There are 2 protein chains.
Amino acid sequence: MRTYDISLTISPDLPVWPGDPEIVLERFSKMEEGDPCNVTKISASLHLGTHVDAPYHYLNSDAPTIEQLPLHLLTGRAYVLELPNEVDLITAAVLEHSEIPPRTRRLLFKTRNSAIWAQQKRQFQPDFVALSPDAAEYLAHHGIRLVGVDYLSVAPFHLPAPTHEILLKSGVVIIEGLDLSQVRQGRYTLYCLPLKIAGADGAPARAILIGV
Amino acid sequence: MRTYDISLTISPDLPVWPGDPEIVLERFSKMEEGDPCNVTKISASLHLGTHVDAPYHYLNSDAPTIEQLPLHLLTGRAYVLELPNEVDLITAAVLEHSEIPPRTRRLLFKTRNSAIWAQQKRQFQPDFVALSPDAAEYLAHHGIRLVGVDYLSVAPFHLPAPTHEILLKSGVVIIEGLDLSQVRQGRYTLYCLPLKIAGADGAPARAILIGV
């Protein structure tokens with residue numbers, strides 16, 4: 001069984017969401033300067049790189065926060081659906097014409113976005129492929145409990161709220177910032193483990209796929 | 001199969017290593033103030049809460065950094081060894097008298113430290129249970145490839161370097177800050193997924209055990 005690391009590498013070179021703070025890594029304890037060990041401080045948005053959105057990211061203050069998301073949704077069987085490079089927006093119509101296996105509960109979308117990571121583009125790309133609101137409705141109504149996308153938002157850049165709200169209100173877990181460039185369409189076992197941060201709207205995660 | 005979350009909850013209340021920066025969580029985008037969504041910034045040492053040490057934490061600049069640690073060591077069969085509350089220091093003698101199953105490769109120590117987490121003690125506790133240098137030698141020589149401990153360092157507070165150096169030079173992965181208070185001695189499958197941070201000396205992780 002092969003393990004695929006589908007997480008982005010966190011570094012100051014990773015693009016961040018416009019308006020979010022830059023990723024700062026500062027090694028404040030340095031062995032070469034006589035300190036006993038090397039220790040680094042990080043400063044960043046919780047929505048950096050590969051990360052999970054909590055319902056509280058887009059819903060009201062009663063919505064679940066990241067440490068409350070059930071691990072049984074974040075781990076288990078998942079299907080990677082590869083969409084052609086021509087798909088600019090994942091709509092309900094696109095989903096209807098895709099062959100998503102019956103009883104799929106966790107669905108990861110491999111789109112032309114994944115090539116952005118393979119090319120190590122440092123600049124934020126606003127024309128990324130994402131899900132339209134009607135695609136979010138479609139997924140929620142077809143029993144999908146977890147959605148993963150391969151750029152930094154599940155929603156189109158110029159229309160962020162509806163897609164997030166529909167998914168999060170339906171209890172669908174959202175993983176953003178996956179790198180699926182090394183993974184083919186098919187069935188896997190997913191382990192996506194976000195940091196357990198009290199009361200937070202999201203958290204960075206390490207995510208892997210294990211071939212089945 | 002039951003899943004156990006053995007990760008600490010990250011919050012400003014979590015004790016940090018003396019001298020490390022405090023954990024700061026600042027929600028800079030607030031829906032109640034008219035922002036489109038809630039977004040939080042974190043600022044903290046990479047060695048906060050449940051985390052993994054890279055060899056570069058205590059070795060020279062050629063040593064592997066956190067994103068280079070092999071996932072096949074961080075995931076797989078693990079044994080939780082519960083030590084009596086009387087054990088103040090895990091020595092080679094303690095290990096010789098413990099019944100570690102043959103062919104154990106990943107070993108997590110449940111000590112009286114885990115009660116500190118169950119009691120939610122906010123202050124750093126310098127008298128935590130840790131591994132002596134001869135225990136580190138013993139483990140490295142007995143085929144252990146991953147060690148997990150239930151307080152913030154694998155080494156005693158007043159003697160940090162030797163235990164770290166012996167383990168890291170031997171390629172043993174170190175997980176620190178586990179909460180094993182809800183887990184019994186026995187065999188499990190471990191998934192410990194640290195954030196993938198370029199060139200870093202360590203990284204926070206989410207760690208789970210699955211009953212076998």
# chains A, B, ... in the order shown; residues from 1 in each chain; ligands from 1
$ residues_around --residues "region 168-175 of chain A" --least-positions-apart "5" --cutoff "6 Å" --atoms "only C-alpha atoms" --output "PDB file with C-alpha atoms, in the first residue's frame"
ATOM      1  CA  HIS A  51      -6.215  23.376   5.986  1.00  0.00           C
ATOM      2  CA  VAL A  52      -9.696  22.550   7.212  1.00  0.00           C
ATOM      3  CA  ASP A  53     -12.522  25.085   7.551  1.00  0.00           C
ATOM      4  CA  PRO A  55     -18.423  25.849  10.333  1.00  0.00           C
ATOM      5  CA  ARG A 145     -19.800  14.522   4.083  1.00  0.00           C
ATOM      6  CA  LEU A 146     -16.322  15.803   3.195  1.00  0.00           C
ATOM      7  CA  VAL A 147     -15.083  17.815   0.218  1.00  0.00           C
ATOM      8  CA  GLY A 148     -11.453  18.473  -0.630  1.00  0.00           C
TER       9      GLY A 148
END
$ select_by_dssp --residues "region 17-184 of chain B" --states "strand (DSSP E or B)" --output "PyMOL selection string"
chain B and resi 24-29+39-45+51-53+75-82+89-90+106-110+130-131+146-148+173-176+178
$ closest_atom_pairs --of "chain A" --to "chain B" --cutoff "8 Å" --atoms "only C-alpha atoms" --output "tab-separated table"
residue	atom	partner	partner_atom	distance
A:Thr3	CA	B:Leu71	CA	7.9
A:Ser7	CA	B:Lys196	CA	7.2
A:Leu8	CA	B:Lys196	CA	7.1
A:Thr9	CA	B:Lys196	CA	5.2
A:Ile10	CA	B:Ile197	CA	4.5
A:Ser11	CA	B:Ala198	CA	5.5
A:Pro21	CA	B:Lys41	CA	7.7
A:Met31	CA	B:Asn60	CA	7.7
A:Pro36	CA	B:Tyr58	CA	7.3
A:Cys37	CA	B:Tyr58	CA	4.9
A:Asn38	CA	B:His57	CA	4.8
A:Val39	CA	B:Asp201	CA	6.1
A:Thr40	CA	B:Leu46	CA	5.8
A:Lys41	CA	B:Ser45	CA	4.2
A:Ile42	CA	B:Ala44	CA	5.6
A:Ser43	CA	B:Ser43	CA	4.3
A:Ala44	CA	B:Lys41	CA	5.5
A:Ser45	CA	B:Lys41	CA	4.2
A:Leu46	CA	B:Lys41	CA	5.7
A:His47	CA	B:Val39	CA	7.4
A:Tyr56	CA	B:Asn38	CA	6.9
A:His57	CA	B:Asn38	CA	4.8
A:Tyr58	CA	B:Cys37	CA	4.9
A:Leu59	CA	B:Cys37	CA	7.7
A:Asn60	CA	B:Met31	CA	7.7
A:Glu67	CA	B:Thr9	CA	7.7
A:Leu71	CA	B:Thr3	CA	7.8
A:Ala161	CA	B:Pro36	CA	7.3
A:Leu193	CA	B:Arg206	CA	5.7
A:Pro194	CA	B:Arg206	CA	6.3
A:Leu195	CA	B:Arg206	CA	5.4
A:Lys196	CA	B:Thr9	CA	5.2
A:Ile197	CA	B:Ile10	CA	4.6
A:Ala198	CA	B:Ser11	CA	5.6
A:Ala200	CA	B:Thr40	CA	7.0
A:Asp201	CA	B:Val39	CA	6.1
A:Gly202	CA	B:Val39	CA	7.7
A:Pro204	CA	B:Leu195	CA	7.4
A:Ala205	CA	B:Leu195	CA	6.3
A:Arg206	CA	B:Leu195	CA	5.4
A:Ala207	CA	B:Leu193	CA	7.6
$ residues_around --residues "region 115-123 of chain B" --least-positions-apart "6" --cutoff "10 Å" --atoms "only C-alpha atoms" --output "NGL selection string"
:B and (8-9 or 12-16 or 85 or 150-151 or 177-182)
$ closest_residue --among "A:Pro126, A:Gly211, A:Pro133, A:Pro64" --to "Ser153 (chain A)" --atoms "only C-alpha atoms"
A:Pro126
$ atom_distance --atom1 "CA of Asp88 (chain A)" --atom2 "CA of Arg103 (chain A)"
26.1 Å
$ atom_distance --atom1 "CA of Ser132 (chain B)" --atom2 "CA of Glu96 (chain B)"
13.4 Å
$ decode --residues "region 33-160 of chain A" --atoms "C-alpha atoms" --output "compact mmCIF listing (two decimals), in the first residue's frame"
# COMPACT_ATOMS: atom_id res chain seq x y z
CA GLU A 33 25.02 31.03 17.98
CA GLY A 34 25.51 28.87 21.07
CA ASP A 35 21.90 28.06 21.91
CA PRO A 36 21.32 24.47 23.09
CA CYS A 37 18.95 23.69 20.23
CA ASN A 38 17.16 25.12 17.20
CA VAL A 39 13.63 26.39 17.79
CA THR A 40 11.42 28.27 15.35
CA LYS A 41 8.39 30.50 15.84
CA ILE A 42 5.59 30.61 13.32
CA SER A 43 3.16 33.41 12.65
CA ALA A 44 0.40 32.85 10.09
CA SER A 45 -3.30 32.69 9.37
CA LEU A 46 -4.87 29.40 10.47
CA HIS A 47 -6.12 29.09 6.87
CA LEU A 48 -2.69 28.52 5.36
CA GLY A 49 -1.62 25.81 2.99
CA THR A 50 -3.54 22.57 3.43
CA HIS A 51 -6.22 23.38 5.99
CA VAL A 52 -9.70 22.55 7.21
CA ASP A 53 -12.52 25.09 7.55
CA ALA A 54 -14.73 24.88 10.63
CA PRO A 55 -18.42 25.85 10.33
CA TYR A 56 -17.58 28.89 12.51
CA HIS A 57 -15.45 30.21 9.60
CA TYR A 58 -18.61 31.32 7.74
CA LEU A 59 -21.50 30.73 10.16
CA ASN A 60 -22.58 32.37 13.41
CA SER A 61 -20.95 32.12 16.79
CA ASP A 62 -22.90 28.98 17.75
CA ALA A 63 -21.39 27.02 14.87
CA PRO A 64 -18.88 24.24 15.62
CA THR A 65 -15.23 25.23 15.83
CA ILE A 66 -12.31 23.22 14.48
CA GLU A 67 -11.56 21.07 17.53
CA GLN A 68 -15.17 19.85 17.47
CA LEU A 69 -15.04 18.30 13.99
CA PRO A 70 -15.48 14.53 14.22
CA LEU A 71 -12.37 12.52 13.40
CA HIS A 72 -14.52 9.83 11.78
CA LEU A 73 -15.33 12.28 8.96
CA LEU A 74 -11.71 13.36 8.55
CA THR A 75 -10.48 9.78 8.21
CA GLY A 76 -11.77 6.96 6.05
CA ARG A 77 -12.56 5.99 2.47
CA ALA A 78 -12.32 8.78 -0.06
CA TYR A 79 -12.63 9.15 -3.81
CA VAL A 80 -10.37 11.36 -5.89
CA LEU A 81 -12.27 12.68 -8.91
CA GLU A 82 -10.09 14.06 -11.70
CA LEU A 83 -11.70 16.76 -13.80
CA PRO A 84 -10.47 17.82 -17.25
CA ASN A 85 -8.33 20.94 -17.51
CA GLU A 86 -11.17 22.64 -19.40
CA VAL A 87 -13.37 22.75 -16.28
CA ASP A 88 -13.14 26.30 -14.90
CA LEU A 89 -15.99 26.01 -12.42
CA ILE A 90 -17.33 22.86 -10.77
CA THR A 91 -21.10 23.15 -11.19
CA ALA A 92 -23.98 20.76 -10.48
CA ALA A 93 -24.01 19.99 -14.20
CA VAL A 94 -20.34 19.02 -14.13
CA LEU A 95 -21.02 16.74 -11.14
CA GLU A 96 -24.01 15.13 -12.83
CA HIS A 97 -21.82 14.17 -15.75
CA SER A 98 -18.97 12.90 -13.55
CA GLU A 99 -18.83 9.27 -12.53
CA ILE A 100 -18.79 9.58 -8.76
CA PRO A 101 -19.07 6.04 -7.35
CA PRO A 102 -22.27 5.31 -5.39
CA ARG A 103 -22.01 5.69 -1.59
CA THR A 104 -19.04 8.09 -1.85
CA ARG A 105 -18.88 10.09 1.39
CA ARG A 106 -15.54 11.85 0.99
CA LEU A 107 -14.77 13.45 -2.35
CA LEU A 108 -11.53 15.15 -3.36
CA PHE A 109 -11.40 17.16 -6.58
CA LYS A 110 -8.26 17.02 -8.68
CA THR A 111 -8.40 19.91 -11.13
CA ARG A 112 -5.94 21.97 -13.11
CA ASN A 113 -5.22 23.72 -9.78
CA SER A 114 -2.89 20.88 -8.77
CA ALA A 115 -0.52 21.88 -11.58
CA ILE A 116 -0.10 25.23 -9.82
CA TRP A 117 1.55 23.42 -6.90
CA ALA A 118 3.63 21.19 -9.14
CA GLN A 119 4.92 24.39 -10.80
CA GLN A 120 5.57 26.01 -7.38
CA LYS A 121 3.87 29.25 -8.34
CA ARG A 122 4.42 31.71 -5.50
CA GLN A 123 1.80 34.25 -6.50
CA PHE A 124 -1.83 33.88 -5.49
CA GLN A 125 -3.89 32.71 -8.51
CA PRO A 126 -7.39 34.23 -8.37
CA ASP A 127 -8.65 32.20 -11.36
CA PHE A 128 -8.52 28.88 -9.50
CA VAL A 129 -11.15 26.17 -10.10
CA ALA A 130 -13.76 25.96 -7.32
CA LEU A 131 -17.32 24.84 -6.58
CA SER A 132 -20.37 26.88 -7.56
CA PRO A 133 -23.21 27.20 -5.03
CA ASP A 134 -25.31 24.70 -7.01
CA ALA A 135 -22.47 22.19 -6.86
CA ALA A 136 -22.40 22.62 -3.07
CA GLU A 137 -26.16 21.94 -2.97
CA TYR A 138 -25.70 18.89 -5.20
CA LEU A 139 -23.00 17.41 -2.97
CA ALA A 140 -24.89 18.04 0.26
CA HIS A 141 -28.00 16.41 -1.22
CA HIS A 142 -26.06 13.40 -2.50
CA GLY A 143 -24.65 12.34 0.86
CA ILE A 144 -21.17 13.83 0.58
CA ARG A 145 -19.80 14.52 4.08
CA LEU A 146 -16.32 15.80 3.20
CA VAL A 147 -15.08 17.81 0.22
CA GLY A 148 -11.45 18.47 -0.63
CA VAL A 149 -10.18 20.96 -3.20
CA ASP A 150 -6.75 21.62 -4.64
CA TYR A 151 -6.50 25.38 -4.26
CA LEU A 152 -6.94 27.69 -1.29
CA SER A 153 -10.74 27.97 -1.31
CA VAL A 154 -13.69 25.68 -2.03
CA ALA A 155 -15.54 28.70 -3.48
CA PRO A 156 -14.82 30.92 -6.49
CA PHE A 157 -12.64 33.92 -5.66
CA HIS A 158 -15.33 36.50 -6.42
CA LEU A 159 -18.18 34.60 -4.72
CA PRO A 160 -16.84 33.09 -1.51
